[in-house]
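Source file: work_28.cif. Holds: mmCIF, C-alpha atoms.
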```cif
data_work
loop_
_atom_site.label_atom_id
_atom_site.label_comp_id
_atom_site.auth_asym_id
_atom_site.auth_seq_id
_atom_site.Cartn_x
_atom_site.Cartn_y
_atom_site.Cartn_z
CA MET A 15 -1.74 22.26 -22.27
CA ALA A 16 -1.06 23.14 -18.64
CA PHE A 17 -1.32 20.31 -16.10
CA ILE A 18 -4.33 20.95 -13.85
CA LYS A 19 -4.46 19.31 -10.43
CA ILE A 20 -8.04 18.25 -9.81
CA SER A 21 -7.03 17.26 -6.28
CA GLU A 22 -6.23 20.89 -5.49
CA GLN A 23 -9.30 22.51 -7.03
CA PRO A 24 -11.62 24.45 -4.68
CA SER A 25 -13.87 22.38 -2.43
CA LEU A 26 -17.45 21.83 -3.52
CA TYR A 27 -18.42 23.17 -0.08
CA ASN A 28 -17.88 26.59 1.46
CA ASN A 29 -18.21 28.44 4.77
CA LEU A 30 -17.21 25.25 6.59
CA GLU A 31 -16.68 27.12 9.84
CA LYS A 32 -20.37 28.07 9.87
CA LYS A 33 -21.62 24.51 9.59
CA SER A 34 -22.80 22.36 12.48
CA ILE A 35 -20.79 19.31 13.49
CA ARG A 36 -23.50 17.08 11.99
CA GLU A 37 -23.37 18.95 8.67
CA ILE A 38 -19.58 18.67 8.51
CA LEU A 39 -19.67 14.93 9.20
CA GLU A 40 -22.43 14.29 6.66
CA ASP A 41 -20.62 16.35 4.02
CA ILE A 42 -17.36 14.45 4.56
CA ASN A 43 -19.21 11.13 4.39
CA THR A 44 -20.91 12.21 1.15
CA GLU A 45 -17.50 12.91 -0.37
CA ASP A 46 -16.00 9.68 0.99
CA GLN A 47 -18.65 7.66 -0.84
CA LYS A 48 -17.08 8.82 -4.10
CA VAL A 49 -13.78 7.16 -3.22
CA ALA A 50 -14.81 3.51 -3.62
CA ILE A 51 -16.24 4.26 -7.06
CA ALA A 52 -13.06 6.05 -8.13
CA VAL A 53 -10.97 3.11 -6.89
CA ARG A 54 -13.22 0.62 -8.68
CA ASN A 55 -12.58 2.46 -11.95
CA THR A 56 -8.84 1.77 -11.57
CA ILE A 57 -9.15 -2.03 -11.19
CA PRO A 58 -7.90 -2.74 -14.75
CA GLN A 59 -4.70 -0.81 -14.00
CA ILE A 60 -4.27 -2.43 -10.58
CA GLU A 61 -4.71 -5.85 -12.22
CA GLN A 62 -2.13 -4.97 -14.86
CA LEU A 63 0.38 -3.95 -12.22
CA VAL A 64 -0.20 -6.93 -9.91
CA SER A 65 0.04 -9.39 -12.80
CA GLN A 66 3.54 -8.06 -13.50
CA ILE A 67 4.59 -7.91 -9.84
CA VAL A 68 3.75 -11.54 -8.97
CA PRO A 69 6.20 -13.28 -11.35
CA ARG A 70 8.93 -10.85 -10.30
CA MET A 71 8.35 -11.61 -6.61
CA LYS A 72 8.38 -15.34 -7.32
CA GLN A 73 11.92 -14.77 -8.58
CA GLY A 74 12.92 -12.91 -5.42
CA GLY A 75 11.80 -9.41 -6.37
CA ARG A 76 10.52 -6.78 -3.97
CA ILE A 77 8.01 -3.91 -3.94
CA PHE A 78 9.18 -0.42 -2.99
CA TYR A 79 6.57 2.23 -2.15
CA MET A 80 7.80 5.81 -2.46
CA GLY A 81 6.00 8.95 -1.33
CA ALA A 82 6.10 12.12 0.74
CA GLY A 83 3.82 13.27 3.56
CA THR A 84 0.52 11.38 3.80
CA SER A 85 1.33 9.30 0.72
CA GLY A 86 4.69 8.25 2.11
CA ARG A 87 3.20 7.38 5.49
CA LEU A 88 0.53 5.21 3.90
CA GLY A 89 3.17 3.32 1.92
CA VAL A 90 5.19 2.68 5.08
CA LEU A 91 2.01 1.60 6.90
CA ASP A 92 1.02 -0.92 4.24
CA ALA A 93 4.55 -2.33 4.03
CA SER A 94 4.78 -2.66 7.82
CA GLU A 95 1.57 -4.71 7.98
CA ILE A 96 2.73 -7.43 5.58
CA PRO A 97 5.02 -9.38 7.98
CA PRO A 98 2.46 -9.80 10.79
CA THR A 99 -0.43 -10.49 8.42
CA PHE A 100 1.23 -12.84 5.97
CA GLY A 101 4.36 -14.02 7.79
CA MET A 102 6.68 -12.55 5.16
CA PRO A 103 10.07 -11.00 5.97
CA ASN A 104 10.11 -7.21 6.23
CA THR A 105 12.57 -7.02 3.34
CA LEU A 106 10.06 -7.87 0.58
CA ILE A 107 7.73 -4.87 0.68
CA ILE A 108 9.49 -1.68 1.71
CA GLY A 109 8.05 1.78 2.26
CA LEU A 110 10.33 4.75 1.65
CA ILE A 111 9.25 8.24 2.68
CA ALA A 112 10.90 11.52 1.74
CA GLY A 113 12.86 12.68 4.79
CA GLY A 114 13.23 9.17 6.23
CA ASP A 115 11.61 7.81 9.39
CA THR A 116 11.63 11.27 11.01
CA ALA A 117 9.01 12.29 8.42
CA LEU A 118 6.58 9.68 9.72
CA ARG A 119 5.78 12.02 12.61
CA ASN A 120 7.26 15.38 11.67
CA PRO A 121 7.53 17.29 8.38
CA VAL A 122 11.08 17.37 6.98
CA GLU A 123 11.66 20.64 5.16
CA ASN A 124 12.27 20.38 1.41
CA ALA A 125 12.70 16.59 1.56
CA GLU A 126 10.12 15.94 -1.15
CA ASP A 127 11.80 18.45 -3.49
CA ASP A 128 15.02 16.43 -3.82
CA THR A 129 14.86 14.69 -7.22
CA LYS A 130 17.96 12.56 -6.58
CA ARG A 131 17.45 11.28 -3.06
CA GLY A 132 14.80 8.68 -3.93
CA TRP A 133 17.04 6.88 -6.40
CA GLU A 134 19.95 7.06 -3.96
CA GLU A 135 17.80 5.32 -1.35
CA LEU A 136 16.82 2.62 -3.83
CA GLN A 137 20.48 2.04 -4.64
CA GLU A 138 21.17 1.65 -0.92
CA HIS A 139 18.71 -1.28 -1.06
CA GLN A 140 20.56 -2.81 -4.05
CA ILE A 141 17.62 -2.24 -6.38
CA CYS A 142 17.45 -4.68 -9.33
CA ASP A 143 15.29 -5.48 -12.35
CA LYS A 144 13.20 -8.04 -10.42
CA ASP A 145 11.92 -5.25 -8.15
CA THR A 146 8.92 -2.95 -8.60
CA ILE A 147 8.75 0.74 -7.68
CA ILE A 148 5.32 2.23 -6.90
CA GLY A 149 5.19 6.00 -6.50
CA ILE A 150 2.37 7.44 -4.39
CA ALA A 151 1.43 11.11 -4.71
CA ALA A 152 -2.04 12.64 -4.88
CA SER A 153 -0.66 15.57 -6.88
CA GLY A 154 1.40 13.42 -9.22
CA THR A 155 4.15 16.02 -9.09
CA THR A 156 6.36 15.09 -6.10
CA PRO A 157 10.01 15.46 -7.28
CA TYR A 158 11.36 12.86 -4.81
CA VAL A 159 9.05 10.26 -6.37
CA ILE A 160 9.35 11.35 -10.00
CA GLY A 161 13.15 11.31 -9.88
CA ALA A 162 13.20 7.78 -8.47
CA LEU A 163 10.68 6.49 -11.02
CA HIS A 164 12.62 8.07 -13.89
CA GLU A 165 15.89 6.40 -12.91
CA ALA A 166 14.21 3.08 -12.12
CA ARG A 167 12.54 2.96 -15.50
CA ALA A 168 15.81 3.86 -17.21
CA HIS A 169 17.34 0.82 -15.51
CA GLY A 170 14.61 -1.53 -16.76
CA ILE A 171 12.75 -1.73 -13.44
CA LEU A 172 8.92 -2.02 -13.39
CA THR A 173 7.33 1.26 -12.28
CA GLY A 174 3.80 2.09 -11.19
CA CYS A 175 2.09 4.98 -9.46
CA ILE A 176 -1.04 5.95 -7.55
CA THR A 177 -2.26 9.50 -8.13
CA SER A 178 -5.44 11.56 -7.94
CA ASN A 179 -4.83 13.50 -11.16
CA PRO A 180 -4.90 12.34 -14.79
CA ASP A 181 -1.86 12.66 -17.08
CA SER A 182 0.53 13.75 -14.32
CA PRO A 183 4.34 14.00 -14.57
CA MET A 184 4.51 11.00 -12.22
CA ALA A 185 2.29 8.93 -14.51
CA ALA A 186 4.58 9.79 -17.42
CA GLU A 187 7.42 7.98 -15.60
CA SER A 188 5.29 4.90 -14.82
CA ASP A 189 4.73 1.72 -16.79
CA VAL A 190 1.34 1.41 -15.10
CA ALA A 191 -0.42 4.55 -13.85
CA ILE A 192 -3.28 4.08 -11.39
CA GLU A 193 -5.20 7.35 -11.70
CA MET A 194 -7.85 7.49 -8.98
CA ILE A 195 -9.90 10.61 -9.68
CA VAL A 196 -11.72 11.42 -6.44
CA GLY A 197 -12.25 15.12 -7.19
CA PRO A 198 -11.64 18.16 -4.99
CA GLU A 199 -11.15 17.59 -1.27
CA TYR A 200 -13.67 18.72 1.37
CA VAL A 201 -11.02 21.04 2.78
CA THR A 202 -9.41 22.42 -0.36
CA GLY A 203 -6.13 20.68 -1.16
CA SER A 204 -6.20 18.43 1.93
CA SER A 205 -5.15 15.22 0.20
CA ARG A 206 -5.00 13.34 3.51
CA MET A 207 -8.77 13.01 3.08
CA LYS A 208 -10.28 11.37 -0.05
CA SER A 209 -6.94 10.89 -1.79
CA GLY A 210 -5.41 9.28 1.29
CA THR A 211 -8.43 7.03 1.79
CA GLY A 212 -8.28 5.88 -1.82
CA GLN A 213 -4.53 5.30 -1.65
CA LYS A 214 -4.99 3.05 1.39
CA MET A 215 -7.68 1.07 -0.41
CA ILE A 216 -5.50 0.55 -3.48
CA LEU A 217 -2.46 -0.42 -1.41
CA ASN A 218 -4.62 -3.00 0.38
CA MET A 219 -5.73 -4.35 -3.00
CA ILE A 220 -2.19 -4.57 -4.38
CA THR A 221 -0.53 -6.31 -1.45
CA THR A 222 -3.44 -8.57 -0.54
CA SER A 223 -3.84 -9.84 -4.11
CA VAL A 224 -0.07 -10.31 -4.42
CA MET A 225 0.12 -12.26 -1.15
CA ILE A 226 -2.81 -14.50 -2.14
CA GLN A 227 -1.13 -15.18 -5.48
CA LEU A 228 2.06 -16.08 -3.61
CA GLY A 229 0.20 -18.67 -1.55
CA ARG A 230 0.16 -16.82 1.77
CA VAL A 231 -3.60 -17.33 2.30
CA LYS A 232 -5.54 -20.63 2.46
CA GLY A 233 -9.28 -20.55 1.89
CA ASN A 234 -9.86 -17.11 3.32
CA LYS A 235 -7.52 -17.32 6.29
CA MET A 236 -4.18 -15.78 7.27
CA VAL A 237 -2.46 -19.13 7.78
CA ASN A 238 1.00 -17.53 7.80
CA MET A 239 0.31 -14.69 10.26
CA GLN A 240 2.83 -13.99 13.01
CA LEU A 241 1.74 -15.15 16.46
CA SER A 242 2.57 -11.83 18.08
CA ASN A 243 -0.19 -11.69 20.72
CA LYS A 244 -2.79 -13.82 22.53
CA LYS A 245 -5.56 -12.81 20.12
CA LEU A 246 -3.62 -14.11 17.13
CA VAL A 247 -2.59 -17.31 18.92
CA ASP A 248 -6.26 -17.94 19.71
CA ARG A 249 -7.27 -17.18 16.11
CA GLY A 250 -4.60 -19.55 14.79
CA THR A 251 -5.64 -22.26 17.21
CA ARG A 252 -9.24 -22.04 16.01
CA MET A 253 -8.09 -22.27 12.38
CA ILE A 254 -6.30 -25.53 13.20
CA ILE A 255 -9.35 -26.87 15.07
CA GLU A 256 -11.51 -26.11 12.03
CA GLU A 257 -9.05 -27.71 9.63
CA LEU A 258 -7.99 -30.78 11.64
CA GLY A 259 -10.78 -31.34 14.15
CA LEU A 260 -8.43 -31.36 17.16
CA GLY A 261 -9.22 -30.24 20.69
CA TYR A 262 -8.30 -26.68 21.66
CA ASP A 263 -5.28 -27.51 23.84
CA LYS A 264 -3.80 -29.93 21.32
CA ALA A 265 -4.34 -27.48 18.47
CA LYS A 266 -2.73 -24.64 20.43
CA ALA A 267 0.28 -26.76 21.37
CA LEU A 268 0.72 -27.78 17.73
CA LEU A 269 0.53 -24.15 16.64
CA LEU A 270 3.08 -22.93 19.17
CA MET A 271 5.41 -25.80 18.33
CA HIS A 272 5.50 -24.95 14.61
CA GLY A 273 5.01 -21.17 14.68
CA SER A 274 2.30 -20.79 12.04
CA VAL A 275 -1.04 -22.33 11.12
CA LYS A 276 0.25 -23.56 7.77
CA LYS A 277 3.38 -25.18 9.21
CA ALA A 278 1.35 -26.79 12.00
CA ILE A 279 -1.21 -28.26 9.60
CA ASP A 280 1.48 -29.46 7.16
CA ALA A 281 3.45 -31.09 9.99
CA TYR A 282 0.35 -32.82 11.38
CA ARG A 283 -0.47 -34.21 7.94
CA GLY A 284 3.10 -35.33 7.42
CA LYS A 285 3.81 -33.07 4.47
#
```
Any chance you could give the structure as structure tokens?
Amino acid sequence: MAFIKISEQPSLYNNLEKKSIREILEDINTEDQKVAIAVRNTIPQIEQLVSQIVPRMKQGGRIFYMGAGTSGRLGVLDASEIPPTFGMPNTLIIGLIAGGDTALRNPVENAEDDTKRGWEELQEHQICDKDTIIGIAASGTTPYVIGALHEARAHGILTGCITSNPDSPMAAESDVAIEMIVGPEYVTGSSRMKSGTGQKMILNMITTSVMIQLGRVKGNKMVNMQLSNKKLVDRGTRMIIEELGLGYDKAKALLLMHGSVKKAIDAYRGK
């Protein structure tokens, strides 16, 4: 049976250019409300993937996101937010995009059609069996991603994927396939819309749950965040005040001395 891409089926709406601004916005919002439900339906698969990632990362493993276009950019975005949010090195969750960093801002012709380049890039990062590869592609057919997943799986590396179509070629190369079926896009085939929104939600779920499991959150707070601006220093100071009952100036000095909320609290308590 031929593989049908639901994500590229005709929009449920037509004559968009004749609609008022208000109608366009309401239509898009109506479609966006379908995304959270589609993501919710994938929770069992996300749980399955995360439960296999955590023990690997505890042994020094890493997560590699791989994608092209919007999907690749979202993977790079999620990876880049882990160090400031959770105080982790930028070598533990890595986003790779077809065409390299140039493709973050500009399309790189034919980059996503290279079936070998993705695996070559993983080898450049000394990929090993403690690592996890997560392919991201709304279509589920991106050669750059499929080629990398195929080789990774052949080498005994955990593979997962996030796609907007069931039973895709990408899913066939994945140990855990997260199939988020959001339906046709408002603008036909524009997977930067519902598919991109859903991908971002799932990436948030994966990395946040992994980081919590790795002990990078206490209570509900980012106690390992990087103190990269005044706002975050103030937030960290208030966390210490709440935890230790110190005055503002003393709490801030303690925070700046130790570099993170967790280290400051541990040092104060003599741990």
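This file gives the following result for the PyMOL selection byres ((chain A and resi 18) around 10): A:Met15, A:Ala16, A:Phe17, A:Lys19, A:Ile20, A:Ser21, A:Glu22, A:Gln23, A:Ser153, A:Asn179, A:Pro180, A:Asp181, A:Ser182.
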How would the residues just chosen look if you wrote them out with C-alpha atoms as a PDB file, in the frame of the given file?
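The result, stored in again.pdb:
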```
ATOM      1  CA  MET A  15      -1.740  22.260 -22.270  1.00  0.00           C
ATOM      2  CA  ALA A  16      -1.060  23.140 -18.640  1.00  0.00           C
ATOM      3  CA  PHE A  17      -1.320  20.310 -16.100  1.00  0.00           C
ATOM      4  CA  LYS A  19      -4.460  19.310 -10.430  1.00  0.00           C
ATOM      5  CA  ILE A  20      -8.040  18.250  -9.810  1.00  0.00           C
ATOM      6  CA  SER A  21      -7.030  17.260  -6.280  1.00  0.00           C
ATOM      7  CA  GLU A  22      -6.230  20.890  -5.490  1.00  0.00           C
ATOM      8  CA  GLN A  23      -9.300  22.510  -7.030  1.00  0.00           C
ATOM      9  CA  SER A 153      -0.660  15.570  -6.880  1.00  0.00           C
ATOM     10  CA  ASN A 179      -4.830  13.500 -11.160  1.00  0.00           C
ATOM     11  CA  PRO A 180      -4.900  12.340 -14.790  1.00  0.00           C
ATOM     12  CA  ASP A 181      -1.860  12.660 -17.080  1.00  0.00           C
ATOM     13  CA  SER A 182       0.530  13.750 -14.320  1.00  0.00           C
TER      14      SER A 182
END
```
- Selection dump of the PyMOL selection byres ((chain A and resi 80) around 10), as a ChimeraX atom specification: /A:77-79,81-82,85-90,108-112,132,136,147-151,158-160,162-163,175
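CA of Met71 (chain A) is positioned 12.4 Å from CA of Ile226 (chain A).
Counting all atoms listed in the file and comparing A:Pro157, A:Glu193, A:Ile171, A:Ala185, the residue that lies closest to Pro58 (chain A) is A:Glu193.
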- Task: Calculate how many Å separate CA of Leu26 (chain A) from CA of Ala186 (chain A), rounding to one decimal.
- Result: 28.7 Å
